[in-house]
Structures are given as structure tokens and as C-alpha cells.
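Quick notes on the structure that follows.
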Amino acid sequence: VTGGRGMLGRDLVSLLERRGEAVTGLSRSDLDITDARAVRDALARWQPAVVVNCAAWTAVDDAEASEDAALRVNGRAVAGLAACCASQGAALVQVSTDYVFDGRGREPYPEDGLPAPRTAYGRTKLAGERAVLEQAGLAGYVVRTAWLYGAHGPSFVATMIRKERGQEPVHVVDDQRGQPTWSMDVADRIHALIASAAAPGIYHATSSGETTWFGLAREVFRALGADPARVRPATT
């Protein structure tokens, strides 16, 4: 598991260990996926049957100003990882995002929906998807998720928990709908995908239900025993 110290990576490694799987979680300091030689050496050393790539540039806003840097991690590094996996006979699971779509849909996007990213981050993640799916000789999987939160690392939920400790009203947009997704749910789905020997391709993995960012923020405040009325709709 690359990115093994991130939010999803830590949950995936923990889940696999509890289920008796032989798993190695590699942090960025253990393996920088932009270093092609390091990737080759790591795969030669560990000889994995499956690589799950949780390493990524995830700073959505920063990608707008640094798209090439984001592409280096989310696109070109993934292409190198895919080629290395193919040469060594390892399957590759690439974690991706709903940002590959345009965000204008009124219903949940199907796996065969047409990608149309409107952000630099979305474009770089789509490049990574295509690198995996187009790599010859690779059993390549793309697992898209959305609105991810978990016990480890930054997330919208973690930000709202921090905001609740203050006294000021919190303004949150109310015009975007999605599926808040617990990172452990995605870890479970990735394991199920690997264990089932499903056909390579694109899969979507989210928790059930839907809400807005505003609704999610209020639910976080409610769960903390705080007054949800402190969360107010933001003007856009």
C-alpha cells in the first residue's frame, strides 16, 4: 500500500492486518512514487501480488496554481507505477475521485459516466486513471470515491470538529450534494474487490446516503452535542 500513512492508506493497512492478509504499508518517506528507481526497487524487494496506490497530491486548491507538480504525482508517477506493476505481474488498484466529473450531475455518476474534470486536480487524477487503464499487460483497477473523511489526516469533518471548538458562527455552502464517505468503508470495498478477483476496470466506492456540505457540517455539530444552528448557509 503506497501512501500507507495517509487517511485511507492507514485504514486499509489496519483492515488488511486484522483480516490476516500479508500487507506492507509504505509512507512517502518509505517510497516516493515519483522516484522511478525507488518504485522498481520496492517492487523487486516486496514482490507484491497487488499494489494499492493511496499516494496522491490531494491539495485541490493548490493544484490550480501548481498543476504540473500535481500531475507529476497524480499522473506521471502513476504511469510509471503501472508500467512497473505490469512488468512484475502485480495488479494495481488506483484510488481516484469524483473530481474527474464535471459536478453538474443530478444523480450519482455511474462507472461508465463520461469524465469531464473542471479543475486541475480532477485533470491530474484522470491522467492517473488513464495511465492505469491503458497500460498493456496490467490488471488495473480504478476505485473512485468522494467526500472522504476518517480518523487520520485532514478532511471536511475534521475541519468542522475544529470549528465547533470556537464560538463564532460557521458558514458552509449549501448548493453541492454528495455522499460523505468514511475511509474505512472504502478500505473494506477495496479488500472486497481484491478478494473477489473481479474484472479489472472502474469501480465506485462511497458510503450510502447523501447530503450537502451544509447538512454534513450541521450533523457533525449535532453529533458533538453542539448547537447545529451555529452552522449557517454561505452565500456563493
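Following the order of the C-alpha cells, first chain is A, next is B, and so on, with residues numbered from 1 inside each chain and ligands from 1 in the order they appear.
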**Study point:** Exercise: A:Ala77 partners within 10 Å, only C-alpha atoms, chain neighbours under 6 positions left out, as a count of residues only
**Key:** 12
Can you write out as CSV which residues of stretch 175-200 of chain A fall within 10 Å of stretch 98-113 of chain A, alongside each residue's closest atom pair and its distance in Å to one decimal, counting only C-alpha atoms and ordering rows by chain and ascending residue number?
```
residue,atom,partner,partner_atom,distance
A:Gln176,CA,A:Gly103,CA,8.5
A:Arg177,CA,A:Arg106,CA,8.9
A:Gly178,CA,A:Pro108,CA,8.2
A:Gln179,CA,A:Pro108,CA,9.0
```
**Study point:** Close residues, A:Lys125 itself excluded, 10 Å, only C-alpha atoms, min 3 positions apart in chain, as a list in words
**Key:**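 In the requested format, the answer is Ala56, Trp57, Thr58, Ala70, Leu71, Val73, Asn74, Gly75, Val78, Gln94, Val95, Ser96, Thr97, Asp98, Tyr99, Val100, Pro117, Ala120, Tyr121, Gly122, Gly128, Glu129, Arg130, Ala131 and Arg144 of chain A.
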Strand (DSSP E or B) positions in stretch 66-203 of chain A, given as a PDB file with C-alpha atoms, in the first residue's frame:
```
ATOM      1  CA  ALA A  91      -2.232  -5.964 -10.085  1.00  0.00           C
ATOM      2  CA  LEU A  92      -2.669  -2.252  -9.395  1.00  0.00           C
ATOM      3  CA  VAL A  93      -5.551  -0.532  -7.623  1.00  0.00           C
ATOM      4  CA  GLN A  94      -5.522   3.223  -8.238  1.00  0.00           C
ATOM      5  CA  VAL A  95      -7.605   5.336  -5.850  1.00  0.00           C
ATOM      6  CA  SER A  96      -9.356   8.170  -7.671  1.00  0.00           C
ATOM      7  CA  THR A  97     -12.036  10.775  -7.147  1.00  0.00           C
ATOM      8  CA  GLY A 140      -5.572  -2.338 -13.458  1.00  0.00           C
ATOM      9  CA  TYR A 141      -8.386  -1.164 -11.205  1.00  0.00           C
ATOM     10  CA  VAL A 142      -9.616   2.380 -10.623  1.00  0.00           C
ATOM     11  CA  VAL A 143     -11.607   2.941  -7.432  1.00  0.00           C
ATOM     12  CA  ARG A 144     -13.271   6.359  -7.310  1.00  0.00           C
ATOM     13  CA  THR A 145     -14.545   7.749  -4.051  1.00  0.00           C
ATOM     14  CA  LEU A 148     -13.754  11.178   2.145  1.00  0.00           C
ATOM     15  CA  TYR A 149     -13.281  11.521   5.891  1.00  0.00           C
ATOM     16  CA  VAL A 170     -19.581  28.726  10.752  1.00  0.00           C
ATOM     17  CA  HIS A 171     -20.664  29.413   7.169  1.00  0.00           C
ATOM     18  CA  VAL A 172     -20.831  26.452   4.785  1.00  0.00           C
ATOM     19  CA  ARG A 177     -24.676  17.498  -2.869  1.00  0.00           C
ATOM     20  CA  GLY A 178     -22.632  14.364  -2.385  1.00  0.00           C
ATOM     21  CA  THR A 181     -17.724   8.583   2.823  1.00  0.00           C
ATOM     22  CA  TRP A 182     -15.939   7.020   5.762  1.00  0.00           C
ATOM     23  CA  GLY A 201     -11.815  -1.701 -14.685  1.00  0.00           C
ATOM     24  CA  ILE A 202     -13.515   1.208 -12.943  1.00  0.00           C
ATOM     25  CA  TYR A 203     -15.419   0.900  -9.668  1.00  0.00           C
TER      26      TYR A 203
END
```
Practice item. Mind listing the helix (DSSP H, G or I) residues of stretch 147-213 of chain A, per DSSP on the backbone, as JSON, numbers by chain? Key: {"A": [156, 157, 158, 159, 160, 161, 162, 163, 164, 183, 184, 185, 186, 187, 188, 189, 190, 191, 192, 193, 194, 195, 213]}
Practice item. Compare A:His191, A:Val60, A:Thr24, A:Arg118 by their minimum atom-to-atom distance to A:Arg45, counting only C-alpha atoms, and give me the closest one. Key: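 Ranked by minimum distance to A:Arg45, first place goes to A:Thr24.
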Practice item. Considering only C-alpha atoms, state which residue in the set A:Asp175, A:Asp188, A:Asp62, A:Asp30 is at the smallest distance from A:Leu15. Key: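 Looking at the shortest contact to A:Leu15, the residue is A:Asp188.
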Point to revise | Residues within 8 Å of A:Glu219, only C-alpha atoms, excluding chain neighbours under 4 positions, as a list in words | key: Gly215, Ala223 and Pro228 of chain A
Any chance you can output those residues with C-alpha atoms as a tab-separated table (two decimals), in the first residue's frame?
```tsv
chain	number	residue	atom	x	y	z
A	215	GLY	CA	-26.02	19.41	6.05
A	223	ALA	CA	-23.01	14.61	16.94
A	228	PRO	CA	-26.27	22.92	14.77
```
**Study point:** Interatomic distance, atom CA of A:Glu17 to atom CA of A:Gly4 (Å, one decimal)
**Key:** 12.7 Å
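Note that atom CA of A:Pro115 and atom CA of A:Ala63 are 18.3 Å apart.
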Practice item. Identify which of the residues A:His152, A:Val173, A:Ile190, A:Asp61 lies closest to A:Arg10, counting only C-alpha atoms when measuring atom-to-atom distances. Key: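 Using only C-alpha atoms, A:Arg10 sits closest to A:His152.
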Practice item. Find the residues around A:Cys85 up to 10 Å (only C-alpha atoms counted), leave out those fewer than 2 positions away in its own chain, and share them as a list of chain:residue names. Key: A:Val39, A:Arg40, A:Leu43, A:Ala44, A:Gln47, A:Pro48, A:Ala49, A:Val50, A:Val51, A:Ala79, A:Gly80, A:Leu81, A:Ala82, A:Ala83, A:Ser87, A:Gln88, A:Gly89, A:Ala90, A:Ala91, A:Leu92, A:Val132, A:Gln135, A:Gly137, A:Leu138, A:Ala139, A:Gly140
Preceding selection exported with N, CA and C atoms as a PDB file, in the first residue's frame:
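Output file again27.pdb follows:
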```pdb
ATOM      1  N   VAL A  39      10.670   3.012  -7.032  1.00  0.00           N
ATOM      2  CA  VAL A  39       9.488   2.179  -7.270  1.00  0.00           C
ATOM      3  C   VAL A  39       9.915   0.800  -7.762  1.00  0.00           C
ATOM      4  N   ARG A  40      10.829   0.758  -8.730  1.00  0.00           N
ATOM      5  CA  ARG A  40      11.310  -0.533  -9.245  1.00  0.00           C
ATOM      6  C   ARG A  40      11.958  -1.360  -8.136  1.00  0.00           C
ATOM      7  N   LEU A  43       9.257  -2.756  -5.638  1.00  0.00           N
ATOM      8  CA  LEU A  43       8.500  -3.894  -6.154  1.00  0.00           C
ATOM      9  C   LEU A  43       9.370  -5.136  -6.270  1.00  0.00           C
ATOM     10  N   ALA A  44      10.631  -4.948  -6.634  1.00  0.00           N
ATOM     11  CA  ALA A  44      11.541  -6.088  -6.704  1.00  0.00           C
ATOM     12  C   ALA A  44      11.773  -6.682  -5.318  1.00  0.00           C
ATOM     13  N   GLN A  47       7.890  -7.930  -3.991  1.00  0.00           N
ATOM     14  CA  GLN A  47       7.197  -8.882  -4.876  1.00  0.00           C
ATOM     15  C   GLN A  47       5.699  -8.973  -4.561  1.00  0.00           C
ATOM     16  N   PRO A  48       4.979  -7.869  -4.571  1.00  0.00           N
ATOM     17  CA  PRO A  48       3.566  -7.911  -4.191  1.00  0.00           C
ATOM     18  C   PRO A  48       2.689  -8.526  -5.277  1.00  0.00           C
ATOM     19  N   ALA A  49       1.619  -9.161  -4.840  1.00  0.00           N
ATOM     20  CA  ALA A  49       0.603  -9.628  -5.785  1.00  0.00           C
ATOM     21  C   ALA A  49      -0.281  -8.461  -6.223  1.00  0.00           C
ATOM     22  N   VAL A  50      -0.512  -7.513  -5.298  1.00  0.00           N
ATOM     23  CA  VAL A  50      -1.366  -6.363  -5.557  1.00  0.00           C
ATOM     24  C   VAL A  50      -0.717  -5.125  -4.956  1.00  0.00           C
ATOM     25  N   VAL A  51      -0.716  -4.048  -5.711  1.00  0.00           N
ATOM     26  CA  VAL A  51      -0.311  -2.740  -5.199  1.00  0.00           C
ATOM     27  C   VAL A  51      -1.548  -1.856  -5.151  1.00  0.00           C
ATOM     28  N   ALA A  79       1.715   6.483 -13.966  1.00  0.00           N
ATOM     29  CA  ALA A  79       2.063   5.776 -15.207  1.00  0.00           C
ATOM     30  C   ALA A  79       3.309   4.919 -14.997  1.00  0.00           C
ATOM     31  N   GLY A  80       4.300   5.459 -14.297  1.00  0.00           N
ATOM     32  CA  GLY A  80       5.492   4.681 -14.013  1.00  0.00           C
ATOM     33  C   GLY A  80       5.212   3.502 -13.110  1.00  0.00           C
ATOM     34  N   LEU A  81       4.371   3.709 -12.113  1.00  0.00           N
ATOM     35  CA  LEU A  81       3.992   2.625 -11.208  1.00  0.00           C
ATOM     36  C   LEU A  81       3.235   1.537 -11.956  1.00  0.00           C
ATOM     37  N   ALA A  82       2.342   1.944 -12.858  1.00  0.00           N
ATOM     38  CA  ALA A  82       1.570   0.976 -13.650  1.00  0.00           C
ATOM     39  C   ALA A  82       2.487   0.133 -14.529  1.00  0.00           C
ATOM     40  N   ALA A  83       3.453   0.774 -15.170  1.00  0.00           N
ATOM     41  CA  ALA A  83       4.376   0.038 -16.035  1.00  0.00           C
ATOM     42  C   ALA A  83       5.204  -0.957 -15.223  1.00  0.00           C
ATOM     43  N   SER A  87       5.209  -5.107 -15.517  1.00  0.00           N
ATOM     44  CA  SER A  87       6.427  -5.871 -15.794  1.00  0.00           C
ATOM     45  C   SER A  87       6.669  -6.960 -14.752  1.00  0.00           C
ATOM     46  N   GLN A  88       6.144  -6.744 -13.528  1.00  0.00           N
ATOM     47  CA  GLN A  88       6.363  -7.718 -12.461  1.00  0.00           C
ATOM     48  C   GLN A  88       5.139  -8.579 -12.164  1.00  0.00           C
ATOM     49  N   GLY A  89       4.074  -8.405 -12.940  1.00  0.00           N
ATOM     50  CA  GLY A  89       2.894  -9.253 -12.785  1.00  0.00           C
ATOM     51  C   GLY A  89       2.036  -8.929 -11.586  1.00  0.00           C
ATOM     52  N   ALA A  90       2.149  -7.706 -11.063  1.00  0.00           N
ATOM     53  CA  ALA A  90       1.321  -7.295  -9.924  1.00  0.00           C
ATOM     54  C   ALA A  90       0.097  -6.535 -10.419  1.00  0.00           C
ATOM     55  N   ALA A  91      -1.042  -6.771  -9.795  1.00  0.00           N
ATOM     56  CA  ALA A  91      -2.232  -5.964 -10.085  1.00  0.00           C
ATOM     57  C   ALA A  91      -2.069  -4.603  -9.409  1.00  0.00           C
ATOM     58  N   LEU A  92      -2.759  -3.599  -9.948  1.00  0.00           N
ATOM     59  CA  LEU A  92      -2.669  -2.252  -9.395  1.00  0.00           C
ATOM     60  C   LEU A  92      -4.059  -1.683  -9.177  1.00  0.00           C
ATOM     61  N   VAL A 132      -3.397   3.863 -15.765  1.00  0.00           N
ATOM     62  CA  VAL A 132      -3.632   2.514 -15.253  1.00  0.00           C
ATOM     63  C   VAL A 132      -4.451   1.679 -16.229  1.00  0.00           C
ATOM     64  N   GLN A 135      -2.487   0.768 -19.575  1.00  0.00           N
ATOM     65  CA  GLN A 135      -1.200   0.078 -19.505  1.00  0.00           C
ATOM     66  C   GLN A 135      -1.339  -1.368 -19.983  1.00  0.00           C
ATOM     67  N   GLY A 137      -0.841  -5.211 -20.458  1.00  0.00           N
ATOM     68  CA  GLY A 137      -0.395  -6.301 -19.604  1.00  0.00           C
ATOM     69  C   GLY A 137      -0.650  -6.102 -18.126  1.00  0.00           C
ATOM     70  N   LEU A 138      -1.447  -5.097 -17.767  1.00  0.00           N
ATOM     71  CA  LEU A 138      -1.699  -4.802 -16.361  1.00  0.00           C
ATOM     72  C   LEU A 138      -3.137  -5.134 -15.979  1.00  0.00           C
ATOM     73  N   ALA A 139      -3.291  -5.804 -14.844  1.00  0.00           N
ATOM     74  CA  ALA A 139      -4.616  -5.934 -14.234  1.00  0.00           C
ATOM     75  C   ALA A 139      -4.821  -4.659 -13.427  1.00  0.00           C
ATOM     76  N   GLY A 140      -5.464  -3.666 -14.053  1.00  0.00           N
ATOM     77  CA  GLY A 140      -5.572  -2.338 -13.458  1.00  0.00           C
ATOM     78  C   GLY A 140      -6.985  -2.020 -13.009  1.00  0.00           C
TER      79      GLY A 140
END
```
Review point. Which residue, A:Ala22, A:Thr124, A:Val52, A:Trp46, has the smallest gap to A:Ala69 when you use only C-alpha atoms?
Key: A:Thr124
Point to revise | Proximity to A:Asp174 - best of A:Leu133, A:Arg232, A:Ser29, A:Asp11, only C-alpha atoms | key: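 Of A:Leu133, A:Arg232, A:Ser29, A:Asp11, the one nearest A:Asp174 is A:Arg232, counting only C-alpha atoms.
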